[in-house]
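The file start18.txt contains compact mmCIF, C-alpha atoms:
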```txt
# COMPACT_ATOMS: atom_id res chain seq x y z
CA MET T 1 169.56 75.00 117.62
CA SER T 2 169.82 72.09 115.17
CA THR T 3 172.46 69.39 115.44
CA ARG T 4 175.20 70.22 112.94
CA PHE T 5 175.34 66.69 111.49
CA GLN T 6 173.22 63.61 112.08
CA GLU T 7 173.16 60.24 110.35
CA LEU T 8 169.47 59.37 110.40
CA ASP T 9 169.93 55.84 109.07
CA TRP T 10 172.59 53.56 107.61
CA ARG T 11 172.06 50.30 105.78
CA GLN T 12 174.10 47.70 103.95
CA THR T 13 172.30 47.02 100.67
CA PRO T 14 173.00 44.85 97.59
CA LEU T 15 174.26 48.04 95.92
CA GLY T 16 176.55 48.98 98.81
CA GLU T 17 176.48 51.21 101.89
CA LEU T 18 173.44 53.50 101.96
CA ALA T 19 173.12 56.44 104.34
CA LEU T 20 170.56 59.16 105.05
CA ARG T 21 172.08 62.26 106.62
CA ARG T 22 170.85 65.60 107.86
CA ARG T 23 173.36 68.43 107.89
CA TRP T 24 173.00 71.99 109.15
CA TYR T 25 174.56 74.61 106.90
CA PRO T 26 175.06 77.86 108.87
CA GLY T 27 175.77 79.87 105.71
CA ILE T 28 172.32 79.18 104.32
CA ASP T 29 170.60 78.70 107.70
CA LYS T 30 168.83 75.44 106.91
CA ASN T 31 168.91 71.68 107.34
CA VAL T 32 169.96 69.76 104.25
CA TYR T 33 169.06 66.10 103.69
CA GLU T 34 171.51 63.88 101.82
CA ILE T 35 171.33 60.34 100.49
CA LYS T 36 174.71 58.72 99.90
CA LEU T 37 175.44 55.35 98.29
CA ASN T 38 179.03 54.24 98.91
CA ASP T 39 181.10 57.25 97.84
CA GLU T 40 178.41 58.75 95.60
CA PHE T 41 175.90 61.42 96.60
CA LEU T 42 172.56 60.28 95.15
CA MET T 43 170.64 63.36 96.25
CA SER T 44 170.90 66.53 98.31
CA SER T 45 168.01 68.77 99.27
CA LEU T 46 170.37 71.69 98.76
CA PHE T 47 170.01 71.27 94.99
CA THR T 48 166.47 70.32 93.95
CA VAL T 49 165.59 72.85 91.23
CA ALA T 50 166.42 70.58 88.30
CA GLU T 51 164.67 67.55 89.82
CA GLU T 52 161.54 69.64 90.35
CA GLU T 53 161.78 71.04 86.81
CA LEU T 54 162.09 67.48 85.50
CA GLY T 55 158.58 66.69 86.71
CA ARG T 56 157.12 70.07 85.83
CA LEU T 57 158.53 70.17 82.28
CA ALA T 58 157.36 66.63 81.55
CA LEU T 59 153.75 67.31 82.53
CA ALA T 60 153.77 70.69 80.76
CA GLU T 61 154.08 68.71 77.51
CA LEU T 62 150.77 66.93 78.14
CA THR T 63 147.12 67.82 78.07
CA GLY T 64 144.22 65.93 79.60
CA PRO T 65 142.32 65.75 82.87
CA ALA T 66 143.52 62.36 84.10
CA LEU T 67 147.21 61.69 83.55
CA ASP T 68 148.96 58.50 84.60
CA VAL T 69 152.66 58.98 85.28
CA LEU T 70 155.58 56.77 86.28
CA VAL T 71 158.77 58.04 87.89
CA GLY T 72 161.92 55.94 87.98
CA GLY T 73 163.94 56.92 91.06
CA LEU T 74 162.50 58.20 94.33
CA GLY T 75 165.41 59.82 96.16
CA LEU T 76 164.21 62.69 98.34
CA GLY T 77 160.91 62.78 96.44
CA CYS T 78 161.43 66.13 94.68
CA THR T 79 160.44 64.98 91.19
CA ALA T 80 157.49 63.00 92.54
CA GLU T 81 156.27 66.03 94.52
CA ALA T 82 156.45 68.20 91.40
CA VAL T 83 154.32 65.64 89.54
CA LEU T 84 151.82 65.43 92.40
CA ALA T 85 151.45 69.23 92.34
CA ASP T 86 149.86 69.02 88.88
CA GLU T 87 146.05 69.04 89.16
CA SER T 88 145.69 66.95 86.00
CA LEU T 89 147.41 63.95 87.62
CA ARG T 90 145.27 60.86 88.22
CA SER T 91 147.94 58.40 89.35
CA LEU T 92 151.66 58.21 90.01
CA VAL T 93 153.83 55.11 90.34
CA VAL T 94 157.34 55.67 91.70
CA ILE T 95 159.82 52.80 91.32
CA ASP T 96 162.99 52.63 93.38
CA ALA T 97 165.57 49.84 93.60
CA LEU T 98 166.26 50.62 97.26
CA SER T 99 163.48 49.52 99.60
CA GLU T 100 165.25 51.43 102.37
CA VAL T 101 164.59 54.75 100.61
CA ILE T 102 160.89 53.89 100.32
CA GLU T 103 160.87 52.99 104.02
CA TRP T 104 162.44 56.36 104.93
CA HIS T 105 159.59 58.13 103.18
CA GLN T 106 156.95 55.94 104.79
CA LYS T 107 158.44 56.56 108.25
CA GLY T 108 158.68 60.31 107.71
CA LEU T 109 162.48 60.46 107.98
CA ILE T 110 162.48 62.41 104.71
CA PRO T 111 160.29 65.55 104.80
CA ALA T 112 158.21 64.90 101.68
CA GLU T 113 154.52 64.16 101.21
CA VAL T 114 154.71 61.50 98.51
CA ALA T 115 154.06 58.52 100.81
CA SER T 116 150.83 60.03 102.14
CA ASP T 117 149.29 61.10 98.82
CA PRO T 118 146.55 58.61 97.82
CA ARG T 119 147.35 59.08 94.13
CA CYS T 120 150.92 57.86 94.65
CA THR T 121 152.20 54.28 94.82
CA LEU T 122 155.78 53.66 95.95
CA ALA T 123 157.02 50.42 94.40
CA HIS T 124 160.23 48.55 95.17
CA GLY T 125 161.86 47.28 92.00
CA ASP T 126 164.62 47.57 89.43
CA PHE T 127 163.34 50.06 86.84
CA PHE T 128 165.74 48.77 84.18
CA ALA T 129 164.91 45.10 84.74
CA LEU T 130 161.17 45.85 84.71
CA LEU T 131 161.59 47.72 81.44
CA ARG T 132 163.03 44.55 79.90
CA SER T 133 160.34 42.29 81.37
CA PRO T 134 157.33 41.09 79.33
CA GLY T 135 154.87 42.58 81.85
CA GLY T 136 156.31 46.07 81.71
CA LEU T 137 156.91 48.67 84.38
CA ASP T 138 153.89 48.00 86.60
CA PRO T 139 153.88 44.35 87.73
CA SER T 140 150.45 44.85 89.32
CA ASP T 141 149.02 45.76 85.91
CA PRO T 142 150.97 43.96 83.14
CA GLY T 143 151.07 45.84 79.85
CA ARG T 144 150.03 49.14 81.41
CA ARG T 145 151.12 52.26 79.53
CA PHE T 146 151.65 55.78 80.83
CA ASP T 147 151.23 59.36 79.72
CA ALA T 148 154.73 60.15 81.00
CA ILE T 149 157.76 58.18 82.13
CA ILE T 150 160.23 60.31 84.06
CA VAL T 151 163.65 58.96 85.00
CA ASP T 152 166.08 60.33 87.60
CA ILE T 153 168.40 57.47 88.49
CA ASP T 154 171.80 57.67 86.78
CA HIS T 155 174.11 60.68 86.82
CA SER T 156 173.84 61.05 83.04
CA PRO T 157 173.28 58.98 79.87
CA SER T 158 177.00 58.11 79.96
CA HIS T 159 177.61 57.90 83.75
CA HIS T 160 175.60 55.06 85.26
CA LEU T 161 175.18 53.83 88.81
CA HIS T 162 175.42 50.25 87.52
CA PRO T 163 176.56 48.72 84.18
CA SER T 164 173.16 47.03 83.77
CA HIS T 165 171.59 50.45 83.19
CA ALA T 166 173.56 51.20 80.02
CA ASP T 167 171.16 49.69 77.48
CA LEU T 168 168.39 52.18 78.32
CA TYR T 169 170.39 54.92 76.63
CA GLU T 170 170.77 53.07 73.32
CA THR T 171 168.19 52.75 70.56
CA GLN T 172 166.85 49.34 71.61
CA GLY T 173 166.35 50.37 75.23
CA LEU T 174 164.66 53.62 74.26
CA ARG T 175 162.32 51.70 71.95
CA ARG T 176 161.33 49.45 74.85
CA LEU T 177 160.62 52.52 76.94
CA SER T 178 158.61 54.14 74.13
CA GLU T 179 156.40 51.06 74.01
CA GLN T 180 155.41 51.72 77.65
CA LEU T 181 154.07 55.18 76.69
CA LEU T 182 150.65 56.02 75.34
CA PRO T 183 150.61 57.72 71.91
CA GLY T 184 151.76 61.31 72.43
CA GLY T 185 153.31 60.34 75.77
CA VAL T 186 156.46 61.95 77.13
CA PHE T 187 159.80 60.55 78.20
CA ALA T 188 161.79 62.88 80.48
CA LEU T 189 165.30 62.26 81.80
CA TRP T 190 167.50 64.13 84.30
CA SER T 191 171.24 64.47 83.78
CA ASN T 192 173.94 66.05 85.91
CA GLU T 193 175.97 66.85 82.80
CA ALA T 194 175.70 69.25 79.88
CA PRO T 195 173.52 68.22 76.89
CA ASP T 196 174.96 65.21 75.10
CA GLU T 197 174.50 65.56 71.33
CA ARG T 198 175.10 61.86 70.75
CA PHE T 199 172.33 60.90 73.16
CA THR T 200 169.99 63.55 71.71
CA ALA T 201 170.59 62.05 68.25
CA THR T 202 169.79 58.58 69.63
CA LEU T 203 166.54 59.91 71.12
CA ARG T 204 165.57 61.28 67.70
CA GLN T 205 165.79 57.78 66.23
CA VAL T 206 162.91 56.73 68.49
CA PHE T 207 160.92 59.80 69.53
CA THR T 208 159.58 63.04 68.08
CA GLU T 209 159.92 66.61 69.43
CA VAL T 210 163.20 65.87 71.17
CA ARG T 211 165.00 68.62 73.07
CA ALA T 212 167.46 69.15 75.91
CA GLU T 213 166.59 71.87 78.44
CA VAL T 214 169.43 73.32 80.52
CA VAL T 215 168.22 74.14 84.04
CA THR T 216 170.39 76.57 86.01
CA PHE T 217 170.40 77.18 89.77
CA ASP T 218 172.54 78.80 92.43
CA ASN T 219 175.21 76.78 94.20
CA PRO T 220 175.54 78.60 97.55
CA LEU T 221 178.44 76.40 98.66
CA GLN T 222 180.60 77.39 95.71
CA GLY T 223 179.14 80.85 95.16
CA ARG T 224 178.40 80.22 91.50
CA GLU T 225 175.67 79.12 89.12
CA ALA T 226 175.34 75.41 88.36
CA ALA T 227 173.40 73.59 85.66
CA ASN T 228 171.72 70.25 84.97
CA THR T 229 170.01 68.96 81.84
CA VAL T 230 166.45 67.71 81.31
CA TYR T 231 165.86 65.68 78.14
CA LEU T 232 162.29 65.67 76.79
CA ALA T 233 160.98 63.41 74.02
CA LYS T 234 157.51 62.46 72.77
CA ARG T 235 156.12 59.26 71.36
CA ALA T 236 154.40 59.94 68.05
CA LEU T 237 150.60 60.21 68.21
CA GLY T 238 150.09 57.63 65.48
CA GLU T 239 152.09 54.87 67.12
```
In structure tokens, what does this structure look like?
Amino acid sequence: MSTRFQELDWRQTPLGELALRRRWYPGIDKNVYEIKLNDEFLMSSLFTVAEEELGRLALAELTGPALDVLVGGLGLGCTAEAVLADESLRSLVVIDALSEVIEWHQKGLIPAEVASDPRCTLAHGDFFALLRSPGGLDPSDPGRRFDAIIVDIDHSPSHHLHPSHADLYETQGLRRLSEQLLPGGVFALWSNEAPDERFTATLRQVFTEVRAEVVTFDNPLQGREAANTVYLAKRALGE
């Protein structure tokens, strides 16, 4: 019989109080892992469909035998695991601002396989600050570009974990991100909210083949269907 509730770790971080919890839900007969930052739930393993679809949909836009992908935001590792499941993947870099979350994966406190996959590098850093830096998103390889950049950090393009994230969702920030992609590369973004037409229009100023995919899933706690959004956008081949 599992313990009903257990706090696996708690840390004070520059962003606030960070906690990893495991909770037993009798109604669904499973353990659920939760990451909480202050009063905000960053991630719950009860709802992972959209995060998994984020990785799957991004790579479905690409062809080629040796894809290099970057994921901004590690969390419980659901998006990274979906990327690693693609046989065409050559390398994956996952950037997270919280070194504690990376440590939880490396110690096995979170039941995911990302830390043990030789194709995957877990990097501690501020995705948004790196995007503004001259060297780009991979400090170990300045100027490196990727086939896909997948971001699951903020709640939505208009609801940010920190004010410093806001410029990514405007034209200038999206242009900086586009420059980190190879021609034909894909930018994919998770959102907890319904499609935002203003943000979609901003994406179209920078990228081609822009669309917002609504991903639905069951919410067993509320007995209803829930939905998230995945934004997909491509860098033009000729750029």
Review point. Contacts of Arg11 in chain T at 10 Å or less, counting all atoms listed in the file, minus same-chain residues fewer than 5 places along, as a list in words?
Key: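 The residues that qualify are Gly16, Glu17, Leu18, Ala19, Leu20, Leu37 and Glu100 of chain T.
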Practice item. Name the residues in contact with range 181-190 of chain T at a cut-off of 10 Å, using only C-alpha atoms, excluding same-chain residues fewer than 2 positions from it; report them as a ChimeraX atom specification. Key: /T:50-51,53-55,57-63,67-72,79,144-157,174,176-179,192-193,203,207-213,228-239
Exercise for review: Extract, using only C-alpha atoms, all DNA, RNA and protein residues at most 9 Å from range 126-143 of chain T, discarding same-chain residues fewer than 4 positions from it, and format them as a list of chain:residue names.
Suggested key: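 In the requested form, the answer reads T:Leu70, T:Gly72, T:Gly73, T:Val93, T:Ile95, T:Asp96, T:Ala97, T:Leu98, T:Ser164, T:His165, T:Asp167, T:Leu168, T:Gly173, T:Arg176, T:Leu177, T:Gln180.
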Revision key, fill the gap. Lys30 in chain T proximity check over T:Thr171, T:Phe199, T:Arg4, T:Pro14, using all atoms listed in the file: winner is T:Arg4
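Minimum atom-to-atom distance to Ala80 in chain T, evaluated using all atoms listed in the file, belongs to T:Thr121 out of T:Asn31, T:Gln6, T:Asn38, T:Thr121.
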Exercise for review: Determine, counting only C-alpha atoms, every residue of protein, DNA or RNA that lies within 9 Å of (163.2, 62.8, 95.7) in the file coordinates, then give the result as a VMD selection string.
Suggested key: chain T and resid 43 to 45 48 51 to 52 73 to 81 112 152
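Our summary of the geometry notes that CA of Ser99 in chain T is positioned 26.2 Å from CA of Trp24 in chain T.
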Practice item. Would you mind reading off the distance between CA of Arg204 in chain T and CA of Ala166 in chain T, one decimal, in Å? Key: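 Separation of CA of Arg204 in chain T and CA of Ala166 in chain T: 17.8 Å.
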Exercise for review: Would you list the contacts of Gln106 in chain T as a list in words, taking every protein, DNA or RNA residue within 9 Å and counting only C-alpha atoms, but skipping same-chain residues closer than 5 positions in sequence?
Suggested key: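 Non-adjacent residues within range: Val101, Val114, Ala115 and Ser116 of chain T.
With distances restricted to only C-alpha atoms, T:Leu8 is the closest residue to Leu109 in chain T from T:Leu8, T:Thr216, T:Ala226, T:Ala85.
Going from CA of Glu7 in chain T over to CA of Asp29 in chain T, you cover 18.8 Å.
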Point to revise | Nearest to Trp10 in chain T, chosen from T:Leu42, T:Cys120, T:Ala201, T:Ile35, with all atoms listed in the file counted in the distances | key: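 Looking at the shortest contact to Trp10 in chain T, the residue is T:Ile35.
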Exercise for review: Could you check which of T:Asp9, T:Asp86, T:Asp218, T:Glu113 is closest to Val49 in chain T, using all atoms listed in the file?
Suggested key: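 Of T:Asp9, T:Asp86, T:Asp218, T:Glu113, the one nearest Val49 in chain T is T:Asp218, counting all atoms listed in the file.
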